[in-house]
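Below: one structure, written as C-alpha cells.
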Amino acid sequence: MRTLAWVLACALPLAAADNSLLIRGATVHTVSGADIAGGSVLVVDGKIAEVGVKVAAPKGVRIVDAKGLHVYPGLIDSGTQMGLAEVGSVRETSDVSEIGDFNPQLRAIIAINPASEHIPVARANGITSVVSTPAGGVLSGQAALVHLDGWTWEEMEIRRSAAMVLHFPFIETGGGRRSSESRRNVPFPEAKRIYDKKLADLRGFFESARRYRQAKLAALAGFRTDVKFEAMIPVLEGKLPVAIVAERERTIREALQFAEKEKIRMILAEPREAGKLASEIKARNVPVILGPTLAAPLNEDDPYDAAYTLPAELDRAGVKFALGTFANAFSRNLPYNAAQAVAYGLPHEAGLKAITLNAAEIWGVGDQYGSIDKGKWADLMVTDGDPLEVRTQVKQVFIHGREIGLDNKHLRLYQQHTKRP
Amino acid sequence: MKTPLILSLALAMAAFAAPPVVIQNARVLTVTKGAFQGSVLIRDGKIVEAGEKVMVPPGATIIDAAGQYLMPGIIDAHTHIASESTNESSISVSSMARIEDAINPEDISIYRALAGGVTTAHVLHGSANSIGGTTAVFKMRWSKDAAGLVFEGARPGLKFALGENPKRSGSGASPSRTTPRYPATRMGIEDVIRQAFVEAKQYQQAWRDYQAKVKGGVQATPPRSDLKLEPIVEVLEGKRMTHVHAYRADEILMMLRLAEELGFKIHSFEHGLEGYKVAKEIVAHGAGVTTFSDWWAYKMEAIDAIPYNAALMMRKGVLVSLNSDDLNANLSTRLNTEAAKTMKYGGLNETEALALITINPARQLEIDKRVGSIEPGKDADLVIYDKHPLSSFARVQKVFIDGEMYFDRDRDVSGRAERELRKKALTDRQKEREKEQKKSFPTRRPS
C-alpha cells in the first residue's frame with residue numbers, strides 16, 4: 001500500500017522530469033558486478049533507482065528501448081586540461097601553466113570554459129567527466145573533477161578541488177635525439193643545480209606551510225593570512241590528495257619518499273617507469289593515474305610495447321590505477337588507451353575499471369559515480385558494442401539522468417560539407 | 001659441357017635461395033580481391049599464389065596462422081622516422097636537401113614501425129620550408145644498411161609546405177629562428193613557390209638551348225648546374241612526384257591552381273585536414289590526400305579538422321590514405337586502429353578502411369604494382385595479426401618483407417630477458433671503466 005501511494009505521489013512529477021527514465025532490454029555492464037543480459041536501469045531524479053532484469057516502469061516514465069544495445073557507466077578521463085586550453089599552439093587560448101614555481105592557491109575550476117569545443121566532442125564518445133589539471137611550475141595548483149555538461153563551471157563541478165598537483169623536480173638536461181631542433185640542452189651540472197634548488201625549495205615550502213598552520217592553530221599574535229599557505233592546509237591535514245607527477249624511476253622513488261616523509265596522501269600521476277617500482281607503489285597503497293597507453297616507449301632501448309604493457313604490469317602487482325589522456329583533443333580516445341592495455345595483457349574488466357570505477361574512487365567520488373549501482377548518479381552511455389572497440393558507436397549519453405545531445409562541431413561540419421554539391 | 005655448368009649453377013643457387021614459404025589457415029584480407037580462409041605461397045620474395053588451397057612445394061617453410069589474420073604490409077605515406085634531420089631551416093626553398101642522405105638505418109623507430117605492421121614508409125622533410133627537399137620511399141628492412149632500405153624503383157618526390165609552419169619559420173616566432181625570413185604569410189608562400197618554378201623553367205630552357213646547340217654541332221658552354229632547381233625541373237618533367245603539406249581549404253585550392261598554371265601535377269596533399277571542404281577540386285585535379293584519423297585543435301589551421309575527413313573525401317572520390325607523421329615511431333605501431341576510426345566516423349566498410357593504410361597509399365606513391373594488396377606477383381610484404389586488424393585488441397604477430405620475416409612478436413618477447421642481461425653487462429663494464437679511470441687519473445679540483 002505504501003509503495004502504491006509513493007508511486008501515485010510521484011507519477012506526475014516523474015512524467016515531467018527530464019532526469020528520470022527507464023532503459024530497457026540492454027546488456028547492463030555495471031562494472032562493479034556481473035553484466036546483466038536483458039537488463040534494465042531505472043533512473044529517478046538523476047539517480048539510479050533500480051538495476052536488474054525485472055524492473056517495473058513507474059507510470060509515465062520515459063522508456064528507452066535499448067534492445068541489442070549495451071549500457072555502461074559514463075567514462076572518466078583522469079587527466080586533461082579540459083576547458084583550460086583550446087588550441088595547442090595559440091598561447092591566448094591556454095590557461096594551463098601559470099608563472100612561478102609554487103602556486104598551490106591556483107584553482108583550475110574557476111578557469112574552465114564551459115563553451116570549449118572540446119567538451120561536446122569528448123562527450124560524444126561517452127566521456128561524461130574529466131579531471132582538469134593545471135601544469136605550471138612545481139606546485140601547479142588544484143585540479144578539478146568536472147562533468148562535461150553545464151552552462152557554467154559551477155554547474156559542471158563535481159569536486160572543485162580534487163587534488164593538489166605537484167610536478168616533482170627532476171634533473172632536466174633536455175637533450176636526447178634531435179635536441180637542437182626542439183629543446184635547449186642544459187649541461188648536467190647546471191641541470192643538477194636547478195634540480196637541487198627546486199627540491200630544497202619544495203621541502204622548504206612544505207616546512208613553511210606546516211609552521212604557518214601551527215601558527216594559525218595557535219592563533220599567534222601578529223599572524224597574517226597567506227593565500228598560498230592557506231591552500232596547503234587541506235594537503236597537510238590529509239584532506240586533499242597530492243597528485244605527484246613523476247615520470248622516471250628515480251623521480252617516482254623520490255616522490256614516494258617525499259610523500260611518506262611529509263605524510264601527505266599521494267596519487268602518482270603520469271609515471272612511465274612505474275613498472276620497475278610496482279611493488280613499492282603497492283606497498284604504500286598509492287593509487288596511480290597513468291598517462292596515455294597509446295604512446296611511444298620512453299627510452300630507446302625499451303621494448304616497443306613498453307607503454308602498452310605498463311597497465312598490465314601494475315595490475316599484476318595489485319596497484320590501483322586509472323587512465324588519463326592528458327590531451328583535450330584526444331580525450332575521446334580514452335577507451336582506446338584502455339583497449340591497447342587490454343590487447344597487451346590487462347584483463348578486459350580491469351581496462352574498463354581504469355576509465356570508470358577506479359577513477360571515481362581515486363578522485364574520492366566512488367560512492368557516487370563510476371558504476372551502475374543503485375543510489376549512484378546516473379552518468380550513463382548506451383552503445384552498440386564494447387566501448388573499447390574503435391568501431392563501436394555511442395548512441396546516447398546521460399549525465400545525472402539527463403540525456404545530453406551528441407551534437408558537436410565535428411558532426412556539424414561533416415553534415416554541412418556532405419551536402420556540398 | 002655448357003648445359004651441366006648452367007645446371008650446376010642453378011642447383012647451387014637453389015641451395016642458397018630461401019625455401020618457399022606457405023602461410024596457412026589464415027583469414028586472408030587481400031584488400032583488393034576480397035577475403036577468404038586460406039593460404040599464401042611465397043617464393044623469391046614474391047606472392048606466388050593466394051587462395052583457399054595452394055600447392056605446398058617440397059621443402060617449403062610452413063607457417064600455421066590458424067585463427068589469425070593475414071593482410072598486406074602497412075604503407076605509411078608520411079613519416080619522419082629514420083631521418084637524422086628534418087628541416088633545413090636556413091632558407092625557404094631547400095629543394096637541394098635530400099632526405100636519402102640523412103637516413104639512419106639504426107633508428108629504433110624502424111623496428112617499432114615494423115612491429116606495427118608497417119613494411120613501407122615514405123620519409124619526408126619537415127614542413128618549415130615552402131619547398132623542403134627531396135623525399136624517398138623505404139622498406140622497413142631492419143638490419144640492412146641505408147642503401148638496403150631503399151624501395152627499389154619507387155619514384156622520388158619533392159616536399160612542399162603551405163600555411164602556418166613555413167609562415168612561422170618566417171615570422172621569427174620559431175624557436176630555431178630569431179631573425180624573420182620571407183615568407184611570413186600565405187601570400188608570400190605562393191610567391192616563393194611561383195618564383196622557384198619560374199627560375200626552374202628558365203634553367204630548364206637554358207639546358208634545352210644548350211642541348212639544341214650541341215645537337216646542331218655548335219660549340220657551347222653548358223649552363224652552371226643548380227642543385228636547387230634540378231628537382232623542380234624534374235617535377236616539371238614529371239620525373240618527380242609532388243607532396244604538399246597543407247591544412248586549410250584555401251591553401252589547397254591555391255596550390256592546385258598554381259600547379260595548373262605552372263604545368264605540373266600535385267600527387268598528394270599531406271595532412272589536408274580541410275580536404276573535405278574542397279574534395280571536388282582535389283578530385284578534378286587528380287590529387288590524393290594523406291591525412292590523420294582524428295587529430296585536431298593543436299594549432300589554428302587544425303581548428304576545422306574533423307575525424308570524418310578521410311571517409312568524406314573518399315566518398316567524394318578522393319584517393320585517401322592515413323599516415324603516422326611520426327618523428328619517433330608512435331602512431332606507426334598502430335595505424336590499423338587509426339584506419340578503424342574511419343568506420344566509426346563516416347561509415348567506411350572494412351575493406352575501405354584497410355585500403356587507407358595499404359593499397360591507397362601504394363597508389364598515391366605509384367608503387368601499387370609492387371605492394372599494397374595480397375595478389376600473385378606482388379612483393380611478399382605481409383602482416384599476421386592475432387585478431388581482426390581493425391579490432392582495438394589486435395596485435396601484430398609476424399611481419400614479412402620480400403618474403404623474409406623481419407618481425408616476430410614471440411621472438412621479441414622471449415628475447416627480452418637476454419637483452420636485459422646484455423645491457424646490464426655493458427653498463428656494468430662502463431661503470432668498472434669509470435672507476436678505474438678515477439683511480440689512475442684522480443680528479444683534481446681547480447684551485
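Here's how to read the names in the C-alpha cells: chain A, B, ... by the order shown, residue numbers from 1 in each chain, ligand numbers from 1 in the order shown.
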
* Can you check which residues of range 258-338 of chain B DSSP gives as helix (DSSP H, G or I) on the backbone and send them as a count of residues only? => 32

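Residues in contact with Arg265 in chain A at up to 10 Å, not including ones fewer than 2 positions away on its chain and judged by only C-alpha atoms, are A:Ala163, A:Val235, A:Leu236, A:Glu237, A:Gly238, A:Lys239, A:Leu240, A:Pro241, A:Val242, A:Ala243, A:Ile244, A:Ala259, A:Glu260, A:Glu262, A:Lys263, A:Ile267, A:Leu268, A:Asn285, A:Val286, A:Pro287.
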
* To do: Find the distance between CA of Met254 in chain B and CA of Glu190 in chain B and write it in Å to one decimal.
  =>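 These atoms are spaced 7.6 Å apart.
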
* To do: Any chance you could list, as a VMD selection string, the residues in range 70-304 of chain A that come up strand (DSSP E or B) when DSSP is run on the backbone?
  => chain A and resid 70 to 73 75 to 80 85 94 102 107 127 to 132 139 to 147 157 to 167 242 to 245 266 to 269 288 to 290

* To do: Could the residues of chain A within 8 Å of chain B, counting only C-alpha atoms, be given as a PyMOL selection string, please?
  => chain A and resi 86-90+178+181-182+294-296+300+303-304+329-330+336+339-340+342-344+388-393+410-411+413-414+417-418

* Non-local contacts of Ile36 in chain A (8 Å; only C-alpha atoms; under 4 positions in same chain excluded) as a ChimeraX atom specification -> /A:27-30,52-53

Spatial neighbours of Ala66 in chain A, max dist 7 Å, only C-alpha atoms, sep filter under 2 positions, as an mmCIF file with N, CA, C and O atoms, in the first residue's frame:
data_model
loop_
_atom_site.group_PDB
_atom_site.id
_atom_site.type_symbol
_atom_site.label_atom_id
_atom_site.label_comp_id
_atom_site.auth_asym_id
_atom_site.auth_seq_id
_atom_site.Cartn_x
_atom_site.Cartn_y
_atom_site.Cartn_z
ATOM 1 N N ILE A 23 15.824 2.561 -18.887
ATOM 2 C CA ILE A 23 16.497 1.957 -20.042
ATOM 3 C C ILE A 23 16.212 0.463 -19.972
ATOM 4 O O ILE A 23 16.456 -0.158 -18.941
ATOM 5 N N ARG A 24 15.696 -0.084 -21.063
ATOM 6 C CA ARG A 24 15.183 -1.446 -21.022
ATOM 7 C C ARG A 24 15.813 -2.340 -22.084
ATOM 8 O O ARG A 24 16.131 -1.870 -23.171
ATOM 9 N N GLY A 25 15.997 -3.591 -21.734
ATOM 10 C CA GLY A 25 16.369 -4.610 -22.721
ATOM 11 C C GLY A 25 17.828 -4.620 -23.132
ATOM 12 O O GLY A 25 18.207 -5.258 -24.106
ATOM 13 N N ALA A 26 18.652 -3.929 -22.398
ATOM 14 C CA ALA A 26 20.063 -3.835 -22.784
ATOM 15 C C ALA A 26 20.911 -4.806 -21.982
ATOM 16 O O ALA A 26 20.463 -5.347 -20.966
ATOM 17 N N VAL A 64 13.452 4.073 -22.550
ATOM 18 C CA VAL A 64 14.451 3.998 -23.614
ATOM 19 C C VAL A 64 14.607 2.530 -23.960
ATOM 20 O O VAL A 64 15.081 1.735 -23.139
ATOM 21 N N GLY A 68 19.337 -5.105 -27.690
ATOM 22 C CA GLY A 68 20.530 -5.356 -28.508
ATOM 23 C C GLY A 68 21.660 -4.376 -28.238
ATOM 24 O O GLY A 68 22.732 -4.492 -28.826
ATOM 25 N N LEU A 69 21.389 -3.425 -27.385
ATOM 26 C CA LEU A 69 22.425 -2.425 -27.088
ATOM 27 C C LEU A 69 23.048 -2.679 -25.707
ATOM 28 O O LEU A 69 22.666 -3.618 -25.012
#

* Structure fact -> From the list A:Phe229, A:Ser78, A:Leu406, A:Leu346, the nearest residue to Gly204 in chain A using only C-alpha atoms is A:Phe229

* Asked: So which residues touch Phe160 in chain B within 12 Å, counting only C-alpha atoms, skipping near sequence neighbours fewer than 5 positions away, as a ChimeraX atom specification?
  -> /B:87,92-95,124-135,165-166,189-190,192-194,196,231-232,235,241-246,251-252,255,259,266-270
